[in-house]
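For reference, upload.tsv is printed below; it contains TSV, C-alpha atoms.
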chain	number	residue	atom	x	y	z
D	1	MET	CA	14.01	13.19	-0.80
D	2	TYR	CA	15.94	10.27	-2.30
D	3	TYR	CA	17.20	9.96	-5.85
D	4	TYR	CA	17.67	6.39	-7.10
D	5	LEU	CA	20.02	6.00	-10.04
D	6	TYR	CA	20.16	2.61	-11.78
D	7	ASP	CA	23.27	1.56	-13.68
D	8	ASN	CA	22.69	0.70	-17.32
D	9	PHE	CA	23.71	-2.95	-16.90
D	10	LEU	CA	20.46	-3.34	-14.96
D	11	ASN	CA	18.50	-2.82	-18.20
D	12	ASP	CA	19.01	-6.53	-18.78
D	13	ARG	CA	15.74	-8.43	-18.35
D	14	LYS	CA	17.29	-10.80	-15.84
D	15	TYR	CA	17.31	-7.98	-13.27
D	16	GLU	CA	13.60	-7.10	-13.66
D	17	LYS	CA	12.43	-9.20	-10.73
D	18	VAL	CA	15.08	-8.01	-8.32
D	19	LEU	CA	14.40	-4.38	-9.24
D	20	ASP	CA	10.69	-4.94	-8.56
D	21	ARG	CA	11.53	-6.40	-5.17
D	22	ILE	CA	13.74	-3.42	-4.37
D	23	LYS	CA	11.00	-0.94	-5.33
D	24	ALA	CA	8.53	-2.85	-3.16
D	25	GLY	CA	11.01	-2.78	-0.26
D	26	LEU	CA	11.52	0.97	-0.60
D	27	LEU	CA	7.75	1.46	-0.65
D	28	ASP	CA	7.31	-0.64	2.50
D	29	LEU	CA	9.96	1.37	4.35
D	30	ASP	CA	8.58	4.67	3.06
D	31	ILE	CA	11.85	5.82	1.51
D	32	GLN	CA	10.49	6.45	-1.93
D	33	GLY	CA	11.95	9.03	-4.28
D	34	LYS	CA	12.74	9.69	-7.88
D	35	HIS	CA	13.96	6.70	-9.91
D	36	GLU	CA	16.09	7.08	-13.02
D	37	ARG	CA	18.09	4.74	-15.25
D	38	LEU	CA	21.48	5.57	-16.68
D	39	SER	CA	21.98	5.17	-20.40
D	40	LEU	CA	24.76	5.81	-22.83
D	41	LEU	CA	23.22	9.18	-23.63
D	42	LYS	CA	23.01	10.34	-20.02
D	43	SER	CA	26.06	11.43	-18.06
D	44	MET	CA	25.95	10.39	-14.43
D	45	ASP	CA	27.63	13.60	-13.29
D	46	THR	CA	25.04	15.76	-15.06
D	47	LEU	CA	22.09	13.75	-13.81
D	48	ILE	CA	23.29	13.85	-10.20
D	49	SER	CA	24.27	17.52	-10.18
D	50	ASP	CA	20.94	18.53	-11.79
D	51	GLU	CA	18.97	16.61	-9.17
D	52	ILE	CA	21.03	18.05	-6.32
D	53	LYS	CA	20.28	21.53	-7.66
D	54	ARG	CA	16.58	20.61	-7.51
D	55	GLY	CA	16.91	19.83	-3.82
D	56	ILE	CA	17.86	16.15	-3.61
D	57	LYS	CA	19.86	15.46	-0.45
D	58	THR	CA	20.49	11.72	-0.82
D	59	VAL	CA	21.65	9.89	-3.93
D	60	ILE	CA	21.32	6.10	-3.95
D	61	VAL	CA	23.10	4.29	-6.74
D	62	VAL	CA	21.79	0.87	-7.73
D	63	GLY	CA	24.54	-1.24	-9.24
D	64	ASN	CA	28.10	-2.20	-8.28
D	65	ASP	CA	31.46	-0.74	-7.21
D	66	ASN	CA	31.88	0.98	-10.53
D	67	THR	CA	28.50	2.73	-10.21
D	68	PHE	CA	29.36	3.90	-6.70
D	69	LEU	CA	32.81	5.21	-7.65
D	70	LYS	CA	31.48	7.10	-10.68
D	71	ALA	CA	28.87	8.84	-8.53
D	72	VAL	CA	31.32	10.05	-5.85
D	73	ASP	CA	32.65	13.10	-7.70
D	74	ALA	CA	29.23	14.64	-8.50
D	75	VAL	CA	27.75	13.76	-5.10
D	76	VAL	CA	30.58	15.34	-3.11
D	77	LYS	CA	30.58	18.48	-5.26
D	78	GLY	CA	26.85	18.84	-4.56
D	79	GLY	CA	27.23	18.15	-0.84
D	80	ALA	CA	24.75	15.26	-0.85
D	81	THR	CA	24.82	11.87	0.91
D	82	LEU	CA	25.60	8.71	-1.07
D	83	GLY	CA	24.21	5.23	-0.62
D	84	ILE	CA	24.26	2.02	-2.61
D	85	ILE	CA	21.93	-0.85	-3.33
D	86	PRO	CA	24.35	-3.52	-4.54
D	87	ILE	CA	23.30	-5.87	-7.32
D	88	GLY	CA	25.42	-8.44	-9.12
D	89	GLU	CA	29.13	-9.17	-8.90
D	90	GLU	CA	31.94	-6.73	-8.04
D	91	ASN	CA	30.35	-5.27	-4.95
D	92	SER	CA	33.29	-5.16	-2.57
D	93	ILE	CA	32.56	-1.58	-1.50
D	94	ALA	CA	29.02	-2.43	-0.40
D	95	ASP	CA	30.30	-5.55	1.35
D	96	ASN	CA	32.92	-3.55	3.25
D	97	LEU	CA	30.38	-0.86	4.09
D	98	GLY	CA	28.13	-3.55	5.54
D	99	VAL	CA	25.35	-3.04	3.01
D	100	PRO	CA	23.62	-6.32	2.14
D	101	HIS	CA	22.79	-7.08	-1.46
D	102	GLU	CA	19.60	-6.35	-3.40
D	103	GLU	CA	16.33	-5.70	-1.51
D	104	ARG	CA	17.97	-6.36	1.88
D	105	ALA	CA	19.88	-3.08	1.41
D	106	CYS	CA	16.63	-1.12	1.80
D	107	GLU	CA	16.66	-1.57	5.57
D	108	VAL	CA	20.19	-0.16	5.80
D	109	LEU	CA	19.10	2.85	3.76
D	110	ALA	CA	16.10	3.36	6.03
D	111	ALA	CA	18.29	3.16	9.15
D	112	ARG	CA	20.47	5.96	7.69
D	113	LYS	CA	23.69	5.38	9.60
D	114	ILE	CA	25.95	7.96	7.98
D	115	VAL	CA	29.76	8.00	8.05
D	116	ASP	CA	32.09	10.70	6.69
D	117	PHE	CA	34.98	9.51	4.52
D	118	ASP	CA	38.05	11.38	3.29
D	119	LEU	CA	38.58	11.73	-0.42
D	120	GLY	CA	41.59	12.06	-2.66
D	121	GLN	CA	41.74	14.97	-5.06
D	122	VAL	CA	43.56	15.53	-8.34
D	123	GLY	CA	42.83	18.95	-9.76
D	124	GLU	CA	39.03	19.23	-9.70
D	125	ASN	CA	38.50	15.45	-9.62
D	126	PHE	CA	37.69	13.70	-6.37
D	127	PHE	CA	38.32	10.00	-5.93
D	128	PHE	CA	37.12	7.64	-3.22
D	129	SER	CA	39.23	4.54	-3.72
D	130	THR	CA	42.54	4.66	-5.59
D	131	LEU	CA	44.65	6.29	-8.21
D	132	LYS	CA	46.85	3.82	-10.10
D	133	ILE	CA	49.73	3.90	-12.52
D	134	SER	CA	50.89	0.62	-13.98
D	135	LYS	CA	52.77	1.48	-17.17
D	136	ASN	CA	56.36	2.71	-17.55
D	137	ILE	CA	56.70	3.11	-13.80
D	138	ASP	CA	60.48	3.37	-13.99
D	139	ARG	CA	60.01	6.78	-15.64
D	140	LEU	CA	58.15	8.20	-12.65
D	141	THR	CA	59.35	10.34	-9.80
D	142	ILE	CA	57.22	11.23	-6.82
D	143	ASN	CA	57.96	14.23	-4.62
D	144	HIS	CA	56.73	14.33	-1.06
D	145	GLN	CA	57.75	16.60	1.82
D	146	GLY	CA	61.35	17.28	0.91
D	147	TYR	CA	62.26	13.95	-0.61
D	148	ARG	CA	61.94	12.17	-3.92
D	149	VAL	CA	60.82	8.60	-4.44
D	150	THR	CA	61.97	6.69	-7.53
D	151	PRO	CA	60.41	3.32	-8.31
D	152	ARG	CA	62.81	0.66	-9.56
D	153	GLY	CA	62.40	-1.96	-12.25
D	154	GLN	CA	60.80	-4.57	-9.97
D	155	CYS	CA	57.94	-2.21	-9.15
D	156	SER	CA	54.80	-3.15	-11.11
D	157	GLU	CA	52.25	-0.64	-9.84
D	158	VAL	CA	52.19	2.70	-8.08
D	159	ALA	CA	48.95	3.62	-6.36
D	160	VAL	CA	47.62	6.32	-4.07
D	161	TYR	CA	45.00	4.82	-1.79
D	162	ASN	CA	42.31	6.76	-0.02
D	163	ALA	CA	40.18	3.75	0.89
D	164	PRO	CA	40.94	0.12	0.10
D	165	LEU	CA	37.23	-0.73	0.24
D	166	ALA	CA	37.04	-1.71	-3.44
D	167	GLU	CA	39.57	-4.49	-2.84
D	168	LYS	CA	38.17	-8.01	-2.59
D	169	LYS	CA	40.41	-8.86	0.34
D	170	ILE	CA	41.54	-6.25	2.84
D	171	GLU	CA	44.47	-7.97	4.49
D	172	GLY	CA	48.10	-7.37	5.37
D	173	LEU	CA	49.20	-3.78	4.93
D	174	LEU	CA	45.88	-2.84	3.31
D	175	GLU	CA	44.27	-3.23	6.72
D	176	ASN	CA	46.22	-0.22	7.94
D	177	ILE	CA	44.88	2.05	5.22
D	178	SER	CA	41.90	4.05	6.38
D	179	ALA	CA	39.69	6.61	4.66
D	180	GLN	CA	39.10	8.31	7.98
D	181	ASP	CA	42.64	9.11	9.13
D	182	GLY	CA	43.10	12.37	7.22
D	183	LYS	CA	45.89	10.91	5.11
D	184	LEU	CA	46.50	9.25	1.76
D	185	ASP	CA	48.77	6.23	1.33
D	186	LEU	CA	51.31	6.04	-1.47
D	187	VAL	CA	51.69	2.34	-2.21
D	188	PHE	CA	54.23	0.54	-4.39
D	189	LYS	CA	53.53	-3.01	-5.52
D	190	SER	CA	55.70	-5.71	-7.01
D	191	SER	CA	54.56	-8.77	-8.93
D	192	LEU	CA	54.99	-12.32	-7.71
D	193	PRO	CA	56.07	-14.80	-10.36
D	194	ASN	CA	53.35	-17.23	-11.44
D	195	THR	CA	53.90	-20.75	-10.22
D	196	GLY	CA	52.47	-24.17	-11.09
D	197	TRP	CA	49.82	-24.23	-13.82
D	198	ASN	CA	49.46	-20.45	-13.58
D	199	LYS	CA	52.85	-20.20	-15.27
D	200	TYR	CA	51.27	-21.49	-18.49
D	201	PHE	CA	47.67	-20.28	-18.27
D	202	THR	CA	47.76	-16.92	-16.46
D	203	LYS	CA	49.35	-13.78	-17.80
D	204	GLU	CA	48.36	-11.57	-14.92
D	205	LYS	CA	50.67	-11.82	-11.93
D	206	GLU	CA	49.62	-11.40	-8.33
D	207	LYS	CA	50.71	-8.04	-6.96
D	208	VAL	CA	51.88	-7.55	-3.40
D	209	ILE	CA	52.48	-4.36	-1.48
D	210	ASP	CA	56.15	-3.58	-1.13
D	211	SER	CA	56.24	-0.02	0.20
D	212	VAL	CA	53.84	2.35	1.93
D	213	ILE	CA	54.31	6.06	2.56
D	214	GLN	CA	51.63	8.19	4.18
D	215	GLY	CA	51.03	11.82	3.35
D	216	VAL	CA	48.58	14.45	2.24
D	217	ASN	CA	50.34	15.78	-0.85
D	218	PHE	CA	52.14	13.86	-3.57
D	219	GLU	CA	53.50	15.26	-6.82
D	220	ILE	CA	53.80	12.60	-9.50
D	221	LYS	CA	55.95	13.47	-12.49
D	222	SER	CA	57.32	11.56	-15.47
D	223	PHE	CA	59.50	12.17	-18.49
D	224	GLU	CA	56.50	11.62	-20.72
D	225	TYR	CA	52.72	11.63	-20.34
D	226	LEU	CA	51.68	8.45	-18.55
D	227	PRO	CA	48.10	7.29	-18.04
D	228	VAL	CA	46.76	7.45	-14.50
D	229	MET	CA	43.60	5.51	-13.66
D	230	LEU	CA	41.32	7.28	-11.20
D	231	ASP	CA	38.94	5.00	-9.30
D	232	ASP	CA	39.18	2.45	-12.14
D	233	TYR	CA	37.03	4.48	-14.54
D	234	LYS	CA	38.63	7.83	-15.40
D	235	VAL	CA	41.99	8.24	-17.14
D	236	ILE	CA	44.11	11.34	-16.64
D	237	LYS	CA	47.76	11.96	-17.50
D	238	THR	CA	50.91	12.83	-15.58
D	239	PRO	CA	52.15	15.20	-14.24
D	240	ILE	CA	49.64	15.35	-11.41
D	241	ALA	CA	49.43	16.70	-7.89
D	242	VAL	CA	47.47	14.40	-5.60
D	243	LYS	CA	46.21	15.74	-2.31
D	244	LEU	CA	43.77	14.91	0.43
D	245	GLY	CA	40.45	16.34	-0.74
D	246	ASN	CA	39.14	19.52	0.85
D	247	LYS	CA	35.72	17.87	1.13
D	248	LYS	CA	34.47	14.68	2.73
D	249	ILE	CA	31.77	12.41	1.44
D	250	ARG	CA	28.83	11.28	3.55
D	251	VAL	CA	28.03	7.62	2.95
D	252	ILE	CA	25.22	5.43	4.30
D	253	VAL	CA	26.72	2.31	5.90
D	254	GLY	CA	25.38	-0.82	7.52
D	255	LYS	CA	25.83	-2.05	11.07
D	256	SER	CA	28.32	-4.73	10.04
D	257	SER	CA	30.67	-2.43	8.19
D	258	HIS	CA	34.42	-3.10	7.96
D	259	ALA	CA	36.20	-3.01	11.31
D	260	HIS	CA	38.18	0.09	10.35
D	261	ILE	CA	35.07	2.17	9.65
D	262	ASN	CA	33.79	4.17	12.58
P	1	MET	CA	56.73	-10.23	-0.99
P	2	PHE	CA	58.70	-8.66	1.79
P	3	GLY	CA	62.38	-9.23	1.97
P	4	SER	CA	62.51	-10.37	5.57
P	5	LYS	CA	60.50	-12.31	8.08
P	6	GLU	CA	60.58	-9.29	10.33
P	7	LEU	CA	58.50	-7.32	7.85
P	8	GLU	CA	55.97	-10.10	7.59
P	9	GLU	CA	55.75	-10.18	11.37
P	10	LEU	CA	55.15	-6.45	11.29
P	11	ASN	CA	52.23	-7.09	8.92
P	12	LYS	CA	50.72	-9.70	11.18
P	13	THR	CA	50.95	-7.56	14.28
P	14	GLY	CA	49.08	-4.85	12.37
P	15	GLU	CA	51.18	-1.90	13.42
P	16	GLN	CA	49.81	1.58	12.96
P	17	ALA	CA	49.14	2.98	9.51
P	18	GLN	CA	51.58	5.82	10.04
P	19	ASP	CA	54.45	3.38	9.68
P	20	THR	CA	56.56	4.16	6.64
P	21	ILE	CA	57.71	1.09	4.76
P	22	ILE	CA	60.41	1.57	2.16
P	23	GLY	CA	60.54	-1.66	0.22
P	24	SER	CA	63.13	-3.01	-2.16
P	25	THR	CA	61.32	-1.60	-5.21
P	26	ILE	CA	61.94	2.06	-4.41
P	27	LYS	CA	64.75	4.50	-3.77
P	28	ILE	CA	64.33	7.62	-1.65
P	29	GLU	CA	66.49	10.70	-2.02
P	30	GLY	CA	66.13	13.60	0.40
P	31	ASP	CA	65.10	14.19	3.97
P	32	LEU	CA	62.57	11.69	5.27
P	33	VAL	CA	60.86	12.74	8.49
P	34	SER	CA	58.17	10.57	10.06
P	35	ASN	CA	56.13	10.45	13.24
P	36	GLY	CA	55.80	6.69	13.01
P	37	ASN	CA	58.05	3.68	12.68
P	38	ILE	CA	60.23	3.46	9.58
P	39	VAL	CA	61.13	0.15	7.96
P	40	VAL	CA	63.80	0.28	5.26
P	41	GLU	CA	64.31	-2.61	2.88
P	42	GLY	CA	65.32	-0.47	-0.12
P	43	GLU	CA	67.68	2.43	-0.65
P	44	VAL	CA	67.69	5.79	1.12
P	45	VAL	CA	70.04	8.70	0.38
P	46	GLY	CA	69.83	11.87	2.49
P	47	SER	CA	68.57	11.78	6.06
P	48	LEU	CA	66.15	9.72	8.13
P	49	LYS	CA	64.40	11.05	11.20
P	50	THR	CA	61.64	9.56	13.30
P	51	ASP	CA	60.29	9.92	16.83
P	52	ARG	CA	59.74	6.17	16.97
P	53	GLY	CA	61.52	3.03	15.81
P	54	LEU	CA	63.68	2.41	12.76
P	55	ARG	CA	64.39	-0.99	11.24
P	56	VAL	CA	66.97	-1.33	8.47
P	57	GLY	CA	66.62	-4.68	6.71
P	58	ALA	CA	69.49	-6.94	5.69
P	59	ASN	CA	69.32	-5.91	2.03
P	60	ALA	CA	68.79	-2.20	2.67
P	61	LYS	CA	71.30	0.51	1.79
P	62	VAL	CA	71.11	3.72	3.75
P	63	LYS	CA	73.46	6.59	2.93
P	64	ALA	CA	72.03	9.00	5.41
P	65	ASP	CA	72.30	10.52	8.83
P	66	VAL	CA	69.83	8.73	11.04
P	67	LYS	CA	67.91	9.89	14.13
P	68	ALA	CA	65.34	7.71	15.86
P	69	ALA	CA	64.03	6.69	19.28
P	70	GLN	CA	65.28	3.14	18.80
P	71	ALA	CA	66.77	1.22	15.93
P	72	LEU	CA	67.55	-2.24	14.70
P	73	ILE	CA	70.08	-2.30	11.88
P	74	ALA	CA	70.67	-5.42	9.82
P	75	GLY	CA	71.77	-3.77	6.58
P	76	GLU	CA	74.20	-1.16	5.33
P	77	VAL	CA	74.27	2.31	6.85
P	78	ALA	CA	76.73	5.03	5.87
P	79	GLY	CA	76.18	8.07	8.08
P	80	ASN	CA	75.91	9.13	11.69
P	81	VAL	CA	73.33	7.30	13.77
P	82	VAL	CA	71.80	9.07	16.78
P	83	ILE	CA	69.39	6.97	18.81
P	84	ASP	CA	67.60	8.09	21.99
P	85	ASP	CA	67.19	4.65	23.49
P	86	THR	CA	68.36	1.27	22.16
P	87	LEU	CA	70.47	0.62	19.09
P	88	GLU	CA	70.93	-2.95	17.93
P	89	LEU	CA	73.32	-4.00	15.18
P	90	THR	CA	72.70	-7.54	13.98
P	91	GLU	CA	75.31	-9.89	12.55
P	92	THR	CA	74.63	-8.70	9.00
P	93	ALA	CA	74.88	-4.98	9.82
P	94	ARG	CA	77.53	-2.83	8.15
P	95	VAL	CA	77.73	0.63	9.69
P	96	SER	CA	80.18	3.38	8.69
P	97	GLY	CA	79.75	6.46	10.85
P	98	ASP	CA	79.46	7.58	14.42
P	99	ILE	CA	76.81	5.99	16.60
P	100	SER	CA	75.21	7.39	19.74
P	101	ALA	CA	72.61	5.71	21.95
P	102	ARG	CA	71.67	4.97	25.56
P	103	VAL	CA	71.96	1.21	25.04
P	104	ILE	CA	74.03	-0.33	22.27
P	105	SER	CA	74.04	-3.97	21.26
P	106	ILE	CA	76.39	-5.26	18.56
P	107	GLN	CA	76.08	-8.87	17.53
P	108	SER	CA	79.05	-10.96	16.54
P	109	GLY	CA	79.73	-10.54	12.83
P	110	ALA	CA	78.51	-6.96	12.56
P	111	LEU	CA	80.86	-4.51	10.87
P	112	PHE	CA	81.17	-1.10	12.51
P	113	ASN	CA	83.60	1.66	11.57
P	114	GLY	CA	83.27	4.87	13.53
P	115	ARG	CA	83.07	6.39	16.95
P	116	CYS	CA	80.67	5.24	19.60
P	117	SER	CA	79.16	7.33	22.39
P	118	MET	CA	76.57	6.47	25.02
P	119	ASN	CA	74.32	8.66	27.13
P	120	GLU	CA	72.94	7.45	30.45
P	121	THR	CA	69.43	8.82	30.18
P	122	PRO	CA	67.24	9.25	27.13
P	123	GLY	CA	67.36	12.79	25.80
P	124	ALA	CA	70.61	13.62	27.64
P	125	GLY	CA	73.58	14.76	25.60
P	126	ALA	CA	75.80	12.05	24.23
P	127	LYS	CA	78.69	11.24	26.54
P	128	PRO	CA	81.63	9.54	24.88
P	129	VAL	CA	82.65	6.48	26.85
P	130	GLU	CA	84.50	4.60	24.26
P	131	ALA	CA	86.12	5.38	20.98
P	132	VAL	CA	86.33	2.54	18.54
P	133	GLU	CA	87.89	2.86	15.16
P	134	GLU	CA	88.16	0.31	12.40
P	135	SER	CA	86.84	-2.40	14.69
P	136	GLU	CA	85.03	-5.55	13.71
P	137	ALA	CA	82.88	-7.14	16.40

Reformat the file's structure so that it appears as structure tokens.
Amino acid sequence: MYYYLYDNFLNDRKYEKVLDRIKAGLLDLDIQGKHERLSLLKSMDTLISDEIKRGIKTVIVVGNDNTFLKAVDAVVKGGATLGIIPIGEENSIADNLGVPHEERACEVLAARKIVDFDLGQVGENFFFSTLKISKNIDRLTINHQGYRVTPRGQCSEVAVYNAPLAEKKIEGLLENISAQDGKLDLVFKSSLPNTGWNKYFTKEKEKVIDSVIQGVNFEIKSFEYLPVMLDDYKVIKTPIAVKLGNKKIRVIVGKSSHAHIN
Amino acid sequence: MFGSKELEELNKTGEQAQDTIIGSTIKIEGDLVSNGNIVVEGEVVGSLKTDRGLRVGANAKVKADVKAAQALIAGEVAGNVVIDDTLELTETARVSGDISARVISIQSGALFNGRCSMNETPGAGAKPVEAVEESEA
């Protein structure tokens, strides 16, 4: 039994036609199930965990990267399988998983090629993609296996990567990061200075990876509480202990998934 | 951006994920042990140990005892360096401490202060063949 959860941005009338096509596609492939829309009054975690308790084994989110990442925690805690029907912009995860957009995703769901992915864990929270800290980094210290790492002034972001699949481009050192190697990657980034017209019109600087340390346990401490962004939607505060999650998530992927997924 | 062309080459060749890359934006204090290659472009204080290769970049500062299978040093190292196979000091290297390896290569311009010992086979105990003190290649 499938449970289809639609993100609330899909309430816009411009998505009506595509949603109809998706429902028709699901009907054709005989993978129907319960359909529900998110709203401001409904928590995704509660909806998913309630449905899993009622016997749902597969949760399909309809939306974008953000929808997928928000669903991970509840799905893994319930031991279900997660899939995505990508609609709209910001769908790097679906692209990297080899899931085509809109109604074409139905065939991938019907084929049900399932891959297990590692997860990161902070306390009771699981995360699929990254954990990021980008403010007051010079006040951080990170302990890992008998040594201490201190970021310097040039460092503009500290991140713990589980999977780089939410990145638009997976190139350079990101290519070496895998969500199936049983390890997390502590990554330090520095900012490149803006050049040309960007110097005048762009405030945001391009960030490049400067350092990478692999491990399964990282303790991140600071002199004061610093905000930590979990999977780009949840904010927690330091100090935190990040570890490789004790559970894996089962995800439906397409045939043309990213080369590092097997 | 990486401090050296060597690091960029490392990126392109897509070496294994277990490589530890210590860039110029971080400082490490303590005992770093790795199963993969270690690339140092920043600062390390303590000890460095790996079963594979070590590369110390031209701008790196390492105040640590070092043990690796092979090493290329282009930066500053203060501590004893024990290498199973090949140790290469480039022209920008500044090493203060004893070095031990099966094969040692010191380029012209490198600064080395310490004792040097070489062992004939990998894994065999270090056999002093030459003692060099306060020498500049």

Exercise for the section: Can you pull out every residue within 10 Å of Asp98 (chain P), counting only C-alpha atoms, but drop anything in the same chain fewer than 6 positions away, and send it as an MDAnalysis selection string? Expected result: chainID P and resid 65 78:82 112:117 131:133

Problem - Atomic distance CA of Thr141 (chain D) - CA of Ala166 (chain D), expressed in Å with one decimal - result: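 Computing the Euclidean distance for CA of Thr141 (chain D) and CA of Ala166 (chain D) yields 26.1 Å.
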
Protein and nucleic acid residues near (62.2, -0.5, -4.8) (cut-off 8 Å, all atoms listed in the file) as a PDB file with C-alpha atoms, keeping the file's coordinate frame:
ATOM      1  CA  THR D 150      61.970   6.690  -7.530  1.00  0.00           C
ATOM      2  CA  PRO D 151      60.410   3.320  -8.310  1.00  0.00           C
ATOM      3  CA  ARG D 152      62.810   0.660  -9.560  1.00  0.00           C
ATOM      4  CA  GLY D 153      62.400  -1.960 -12.250  1.00  0.00           C
ATOM      5  CA  GLN D 154      60.800  -4.570  -9.970  1.00  0.00           C
ATOM      6  CA  CYS D 155      57.940  -2.210  -9.150  1.00  0.00           C
ATOM      7  CA  ASP D 210      56.150  -3.580  -1.130  1.00  0.00           C
ATOM      8  CA  SER D 211      56.240  -0.020   0.200  1.00  0.00           C
TER       9      SER D 211
ATOM     10  CA  ILE P  22      60.410   1.570   2.160  1.00  0.00           C
ATOM     11  CA  GLY P  23      60.540  -1.660   0.220  1.00  0.00           C
ATOM     12  CA  SER P  24      63.130  -3.010  -2.160  1.00  0.00           C
ATOM     13  CA  THR P  25      61.320  -1.600  -5.210  1.00  0.00           C
ATOM     14  CA  ILE P  26      61.940   2.060  -4.410  1.00  0.00           C
ATOM     15  CA  LYS P  27      64.750   4.500  -3.770  1.00  0.00           C
ATOM     16  CA  GLY P  42      65.320  -0.470  -0.120  1.00  0.00           C
ATOM     17  CA  GLU P  43      67.680   2.430  -0.650  1.00  0.00           C
TER      18      GLU P  43
END

Completion exercise
What separates CA of Thr238 (chain D) and CA of Ile220 (chain D) is a distance of 6.7 Å

What are the nearest atom pairs, with distances in Å to one decimal, for all residues of chain D that come at most 8 Å from chain P, using all atoms listed in the file, set out by chain and rising residue number as JSON lines?
{"residue": "D:Gln145", "atom": "CA", "partner": "P:Leu32", "partner_atom": "CA", "distance": 7.7}
{"residue": "D:Gly146", "atom": "CA", "partner": "P:Asp31", "partner_atom": "CA", "distance": 5.7}
{"residue": "D:Tyr147", "atom": "CA", "partner": "P:Gly30", "partner_atom": "CA", "distance": 4.0}
{"residue": "D:Arg148", "atom": "CA", "partner": "P:Glu29", "partner_atom": "CA", "distance": 5.1}
{"residue": "D:Val149", "atom": "CA", "partner": "P:Ile28", "partner_atom": "CA", "distance": 4.6}
{"residue": "D:Thr150", "atom": "CA", "partner": "P:Lys27", "partner_atom": "CA", "distance": 5.2}
{"residue": "D:Pro151", "atom": "CA", "partner": "P:Ile26", "partner_atom": "CA", "distance": 4.4}
{"residue": "D:Arg152", "atom": "CA", "partner": "P:Thr25", "partner_atom": "CA", "distance": 5.1}
{"residue": "D:Gly153", "atom": "CA", "partner": "P:Thr25", "partner_atom": "CA", "distance": 7.1}
{"residue": "D:Gln154", "atom": "CA", "partner": "P:Thr25", "partner_atom": "CA", "distance": 5.6}
{"residue": "D:Cys155", "atom": "CA", "partner": "P:Thr25", "partner_atom": "CA", "distance": 5.2}
{"residue": "D:Gly172", "atom": "CA", "partner": "P:Asn11", "partner_atom": "CA", "distance": 5.5}
{"residue": "D:Leu173", "atom": "CA", "partner": "P:Asn11", "partner_atom": "CA", "distance": 6.0}
{"residue": "D:Glu175", "atom": "CA", "partner": "P:Gly14", "partner_atom": "CA", "distance": 7.6}
{"residue": "D:Asn176", "atom": "CA", "partner": "P:Ala17", "partner_atom": "CA", "distance": 4.6}
{"residue": "D:Ile177", "atom": "CA", "partner": "P:Ala17", "partner_atom": "CA", "distance": 6.1}
{"residue": "D:Ser178", "atom": "CA", "partner": "P:Ala17", "partner_atom": "CA", "distance": 8.0}
{"residue": "D:Phe188", "atom": "CA", "partner": "P:Thr25", "partner_atom": "CA", "distance": 7.5}
{"residue": "D:Lys189", "atom": "CA", "partner": "P:Thr25", "partner_atom": "CA", "distance": 7.9}
{"residue": "D:Ser190", "atom": "CA", "partner": "P:Thr25", "partner_atom": "CA", "distance": 7.2}
{"residue": "D:Leu192", "atom": "CA", "partner": "P:Met1", "partner_atom": "CA", "distance": 7.2}
{"residue": "D:Val208", "atom": "CA", "partner": "P:Met1", "partner_atom": "CA", "distance": 6.0}
{"residue": "D:Ile209", "atom": "CA", "partner": "P:Met1", "partner_atom": "CA", "distance": 7.3}
{"residue": "D:Asp210", "atom": "CA", "partner": "P:Gly23", "partner_atom": "CA", "distance": 5.0}
{"residue": "D:Ser211", "atom": "CA", "partner": "P:Gly23", "partner_atom": "CA", "distance": 4.6}
{"residue": "D:Val212", "atom": "CA", "partner": "P:Ile21", "partner_atom": "CA", "distance": 5.0}
{"residue": "D:Ile213", "atom": "CA", "partner": "P:Thr20", "partner_atom": "CA", "distance": 5.0}
{"residue": "D:Gln214", "atom": "CA", "partner": "P:Gln18", "partner_atom": "CA", "distance": 6.3}

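Distance check against Gly109 (chain P) using only C-alpha atoms: of P:Val66, P:Ala60, P:Leu89, P:Ile83, the minimum falls on P:Leu89.
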
Practice task
One decimal, Å: what's the distance from CA of Glu76 (chain P) over to CA of Asp51 (chain P), could you say?
Solution key: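 About the pair CA of Glu76 (chain P) and CA of Asp51 (chain P): they are 21.2 Å apart.
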
Practice task
Give me the residues within 8 Å of region 10-12 of chain D as a ChimeraX atom specification, counting all atoms listed in the file and dropping any in the same chain fewer than 4 places off.
Solution key: /D:6,16,63

Handout entry: Who sits within 9 Å of Ile48 (chain D), only C-alpha atoms, same chain under 6 positions skipped, as a PyMOL selection string
Key = chain D and resi 3+5+56+59+71+74-75+78

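Within the 7 Å cut-off around Leu54 (chain P), using only C-alpha atoms and omitting residues fewer than 2 positions from it on the same chain, the listed residues are P:Asn37, P:Ile38, P:Val39, P:Arg52, P:Val56, P:Ala68, P:Gln70, P:Ala71, P:Leu72.
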
Report as lines of an AutoDock Vina configuration file the centre and the edge lengths, in Å to one decimal, of the axis-aligned box holding every listed atom of region 85-96 of chain D, padded by 8 Å on each side.
center_x = 27.6
center_y = -5.0
center_z = -2.9
size_x = 27.4
size_y = 24.3
size_z = 28.4

Practice task
Find the residues near region 242-244 of chain D: any atom within 9 Å, counting only C-alpha atoms, skip ones fewer than 2 places away on the same chain, and give them as a ChimeraX atom specification.
Solution key: /D:118-123,131,160,162,182-184,215-220,240,246-247
